[in-house]
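Notes follow once the structure below has been shown.
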Amino acid sequence: MNRLTILLAVFLLLTLGSGIGAAAEVYVQPGDSIQTALDNAVSGDLIILKPGIYTENIKIDKDNLVISSESGNPDDTIITAKSSDNHVISLKAYNVKISGLGITGTKNSYAGIYLSGSNNCIIENNKILNNGYGIYLSNSKSNKLSNNVITDNEKYGILLSDSTNNTLSGNTASENKDTGVHISTSDGNTLTGNNVSSNDVYGLFVCPESDDNLIYNNYFNNTVNAEVQNGVGNAYNTEKTEGENIVGGSYIGGNFWAEPDGTGFSDTAVDADGDGIADSEYRLSQSTYSDQLPLISSSNSQRSGPPVANFEMNNSNGSAPLSVQFTDMSENADSWSWDFESDGKIDSSEENPVHVFTTIGTYTVTLSATNKNGTDSKTAAVIVTHPVMVTYPVENISGNNITDDSEAGENATVANGSSGNMTNVEAGGNGTYYNQTEDSGIANVELDSQNGSEASGLNEEANGGINTSSVEYALENKTDAPGFEIFYGAVSLLAVFLYRKVKPGN
């Protein structure tokens with residue numbers, strides 16, 4: 001009997017002991033006390049708040065707890081301070097997570113969430129407004145503050161004091177009455193992906209005793225974005241790496257430095273290569289530091305400088321029809337307008353068009369290159385000509401061999417026997433080649449497109465006699481037609497007979 005009693009006692013102890021230290025989900029309803037749930041919690045418990053408004057100031061001094069809203073929405077689960085002269089949530093513990101809560105109602109030097117000597121905690125997705133400070137870290141290490149909205153607080157949105165190696169990411173610190181983020185005597189903290197805007201005094205303040213802080217990929221838009229009092233080893237950009245930055249660009253580097261009136265550095269800086277990084281560094285006012293890779297808005301990053309119009313042509317002078325390939329060489333152009341006909345009308349909006357000039361004349365081609373910053377233009381001339389015309393002095397006709405290039409159809413070659421030069425001429429149609437006047441006279445040479453070998457149009461001398469040079473030319477270039485020699489002999493005999501007939505003295 002005694003042995004059975006002992007076995008039952010051991011079984012009961014084991015059963016009761018199995019529940020010790022086990023994590024539990026503890027739900028709190030509006031009207032219930034959050035503090036009571038915290039006081040009764042053990043390490044690992046989840047304190048889950050149902051939607052509603054809770055009016056109290058709470059203290060968390062147990063490690064490894066989670067306090068969050070059931071909905072995850074800070075707009076429907078709100079803790080408002082019962083006493084405005086105390087922190088809404090005061091945390092002094094390790095590994096605590098506070099998530100999805102609206103926190104408001106304290107003032108002066110008190111905070112919505114105050115961490116003192118707290119390490120490795122997570123503060124995320126909360127909305128903290130209308131307090132003295134938003135989130136205040138004092139002597140706290142390795143905490144993560146992410147995706148919180150901290151706005152309309154009397155002093156600072158986020159204050160780091162004697163706190164090291166904390167990470168602030170994705171937070172919005174805006175419209176606070178003093179400074180968005182204040183770093184005081186705090187080292188080794190990282191700020192990235194935060195929106196710090198419309199704060200009344202400074203966006204960011206860094207005191208001279210704060211060292212080795214890394215601040216990059218943040219959006220600053222305040223009248224005074226930063227008051228940086230140096231420190232040692234701080235950096236305001238990271239290495240340029242691929243990845244979407246806070247303003248939608250393709251590279252992560254420094255920060256975006258805007259101003260409410262649109263005149264901030266990042267609002268106006270030039271980004272000629274379109275990588276989303278400004279072409280010059282941003283010097284932090286009254287500081288030895290600069291942001292060496294300041295960001296440019298993605299909408300302004302491509303071709304953000306003024307346009308510079310320029311183009312090339314593969315041909316600018318030739319006979320009609322003349323086809324010309326235009327190649328755009330402009331800088332920073334978003335659109336192109338081409339006027340080929342010198343009439344002020346847009347003939348093409350392509351970047352690299354081809355145009356055929358069919359009418360003879362001289363044209364002024366105009367390219368107008370445009371982007372959001374304006375328009376720039378460049379002009380160039382295109383000359384469209386008749387077929388080429390060649391002149392022959394009369395005295396040079398003798399000894400010339402003229403050959404019609406029947407295969408080319410338009411081109412013929414004239415060989416000057418006295419000099420050995422070759423001259424290309426163009427046909428005017430039907431194998432006729434037109435010659436312009438020279439000082440020595442005019443000779444029109446017509447080629448038979450079938451034979452391509454006979455020349456006509458010999459000139460007579462002014463005295464009415466026979467031009468011997470022309471006769472010699474004719475003899476040297478006589479045709480092979482039958483009877484030519486007989487005809488020439490008959491004419492010669494008749495000339496002799498007539499000479500003797502009229503000779504004086506007969």
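Labeling convention for the structure tokens: chains A, B, ... as they appear, residues from 1 per chain, ligands from 1 in order of appearance.
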Next on the checklist: Just list as a PyMOL selection string whatever in stretch 181-319 of chain A DSSP marks as helix (DSSP H, G or I).
Outcome noted: chain A and resi 265-268+298-301
Within 12 Å of A:Thr190, counting only C-alpha atoms, which residues show up once you throw out same-chain ones fewer than 2 positions away? Write them as a compact mmCIF listing (two decimals) with N, CA, C and O atoms, in the first residue's frame, please.
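As a result, selection_25.txt now contains:
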```txt
# COMPACT_ATOMS: atom_id res chain seq x y z
N LYS A 141 21.44 47.58 -26.34
CA LYS A 141 22.29 47.05 -27.40
C LYS A 141 21.54 46.04 -28.28
O LYS A 141 20.68 45.30 -27.80
N SER A 142 21.94 46.04 -29.55
CA SER A 142 21.56 44.99 -30.50
C SER A 142 20.05 44.81 -30.62
O SER A 142 19.55 43.69 -30.80
N ASN A 143 19.32 45.90 -30.55
CA ASN A 143 17.88 45.85 -30.75
C ASN A 143 17.54 46.18 -32.21
O ASN A 143 18.31 46.82 -32.91
N LYS A 144 16.36 45.73 -32.66
CA LYS A 144 15.91 45.98 -34.01
C LYS A 144 14.60 46.76 -33.98
O LYS A 144 13.60 46.29 -33.44
N LEU A 145 14.65 47.95 -34.57
CA LEU A 145 13.46 48.78 -34.70
C LEU A 145 13.10 48.82 -36.18
O LEU A 145 13.86 49.35 -37.00
N SER A 146 11.95 48.27 -36.55
CA SER A 146 11.62 48.18 -37.96
C SER A 146 10.14 48.44 -38.23
O SER A 146 9.27 48.02 -37.47
N LEU A 160 18.56 57.64 -29.64
CA LEU A 160 19.53 56.65 -29.18
C LEU A 160 20.50 57.36 -28.25
O LEU A 160 21.18 58.32 -28.65
N SER A 163 23.69 53.94 -26.66
CA SER A 163 23.18 52.66 -27.16
C SER A 163 23.97 52.26 -28.40
O SER A 163 24.27 53.09 -29.27
N THR A 164 24.32 50.98 -28.49
CA THR A 164 25.23 50.52 -29.54
C THR A 164 24.65 49.34 -30.32
O THR A 164 23.86 48.55 -29.80
N ASN A 165 25.11 49.27 -31.56
CA ASN A 165 24.83 48.11 -32.44
C ASN A 165 23.35 47.83 -32.63
O ASN A 165 22.93 46.68 -32.79
N ASN A 166 22.57 48.89 -32.63
CA ASN A 166 21.14 48.74 -32.92
C ASN A 166 20.90 48.96 -34.42
O ASN A 166 21.66 49.64 -35.09
N THR A 167 19.81 48.37 -34.92
CA THR A 167 19.46 48.50 -36.33
C THR A 167 18.09 49.15 -36.45
O THR A 167 17.11 48.68 -35.88
N LEU A 168 18.04 50.25 -37.22
CA LEU A 168 16.79 50.95 -37.49
C LEU A 168 16.52 50.82 -38.99
O LEU A 168 17.29 51.33 -39.81
N SER A 169 15.43 50.15 -39.34
CA SER A 169 15.15 49.93 -40.76
C SER A 169 13.66 50.04 -41.04
O SER A 169 12.83 49.53 -40.28
N GLY A 170 13.34 50.70 -42.14
CA GLY A 170 11.95 50.77 -42.60
C GLY A 170 11.03 51.60 -41.75
O GLY A 170 9.81 51.52 -41.91
N VAL A 181 15.48 61.60 -36.10
CA VAL A 181 16.34 60.60 -35.46
C VAL A 181 17.51 61.33 -34.81
O VAL A 181 18.25 62.06 -35.50
N ILE A 183 20.99 60.82 -32.57
CA ILE A 183 21.98 59.84 -32.13
C ILE A 183 22.94 60.55 -31.18
O ILE A 183 23.69 61.44 -31.60
N SER A 186 26.35 57.36 -29.12
CA SER A 186 25.96 55.99 -29.48
C SER A 186 26.78 55.53 -30.67
O SER A 186 26.94 56.27 -31.65
N ASP A 187 27.28 54.31 -30.60
CA ASP A 187 28.23 53.81 -31.60
C ASP A 187 27.71 52.57 -32.32
O ASP A 187 26.95 51.78 -31.75
N GLY A 188 28.16 52.41 -33.55
CA GLY A 188 27.96 51.16 -34.27
C GLY A 188 26.53 50.86 -34.66
O GLY A 188 26.18 49.70 -34.91
N THR A 192 18.99 52.25 -42.10
CA THR A 192 18.81 52.01 -43.52
C THR A 192 17.32 51.83 -43.84
O THR A 192 16.57 51.22 -43.07
N GLY A 193 16.92 52.39 -44.97
CA GLY A 193 15.55 52.22 -45.44
C GLY A 193 14.52 53.01 -44.67
O GLY A 193 13.32 52.71 -44.77
N ASN A 194 14.93 54.04 -43.94
CA ASN A 194 14.00 54.84 -43.15
C ASN A 194 13.55 56.08 -43.91
O ASN A 194 14.30 56.65 -44.71
N ASP A 211 30.25 57.37 -32.81
CA ASP A 211 31.23 56.87 -33.77
C ASP A 211 30.75 55.60 -34.47
O ASP A 211 29.92 54.85 -33.93
N ASP A 212 31.32 55.37 -35.66
CA ASP A 212 31.16 54.11 -36.39
C ASP A 212 29.70 53.77 -36.71
O ASP A 212 29.32 52.59 -36.80
N ASN A 213 28.90 54.78 -36.92
CA ASN A 213 27.52 54.55 -37.33
C ASN A 213 27.44 54.54 -38.86
O ASN A 213 28.13 55.29 -39.54
N LEU A 214 26.59 53.67 -39.40
CA LEU A 214 26.42 53.52 -40.84
C LEU A 214 25.01 53.96 -41.21
O LEU A 214 24.02 53.36 -40.74
N ILE A 215 24.92 54.97 -42.06
CA ILE A 215 23.63 55.58 -42.40
C ILE A 215 23.51 55.63 -43.92
O ILE A 215 24.21 56.41 -44.57
N TYR A 216 22.66 54.79 -44.51
CA TYR A 216 22.55 54.73 -45.97
C TYR A 216 21.15 54.29 -46.40
O TYR A 216 20.40 53.68 -45.63
N ASN A 217 20.82 54.61 -47.64
CA ASN A 217 19.54 54.23 -48.25
C ASN A 217 18.34 54.72 -47.43
O ASN A 217 17.33 54.04 -47.33
N ASN A 218 18.46 55.92 -46.89
CA ASN A 218 17.35 56.56 -46.19
C ASN A 218 16.82 57.72 -47.02
O ASN A 218 17.56 58.33 -47.81
N ASN A 234 32.10 57.38 -38.88
CA ASN A 234 30.73 57.32 -39.38
C ASN A 234 30.74 57.30 -40.91
O ASN A 234 31.67 57.80 -41.55
N ALA A 235 29.72 56.73 -41.51
CA ALA A 235 29.62 56.67 -42.97
C ALA A 235 28.19 56.94 -43.39
O ALA A 235 27.24 56.47 -42.74
N TYR A 236 28.05 57.67 -44.49
CA TYR A 236 26.73 58.06 -44.98
C TYR A 236 26.40 57.45 -46.33
O TYR A 236 25.49 57.90 -47.02
N ASN A 237 27.15 56.45 -46.70
CA ASN A 237 26.81 55.61 -47.84
C ASN A 237 27.53 54.28 -47.67
O ASN A 237 28.53 54.17 -46.96
N THR A 238 26.99 53.26 -48.32
CA THR A 238 27.66 51.97 -48.38
C THR A 238 28.24 51.82 -49.79
O THR A 238 28.14 52.72 -50.61
```
Item to check | Contact residues around A:Asn171 with only C-alpha atoms at 12 Å, ignoring same-chain residues under 6 positions, as number ranges by chain | outcome: A: 123-128, 134-135, 144-151, 157-158, 180-181, 191-197, 218-219, 246
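Across A:Tyr282, A:Tyr289, A:Tyr251, A:Phe205, the tightest approach to A:Asn230 is made by A:Tyr289 when counting only C-alpha atoms.
Atom to atom, atom CA of A:Val354 and atom CA of A:Asp339 stand 12.1 Å apart.
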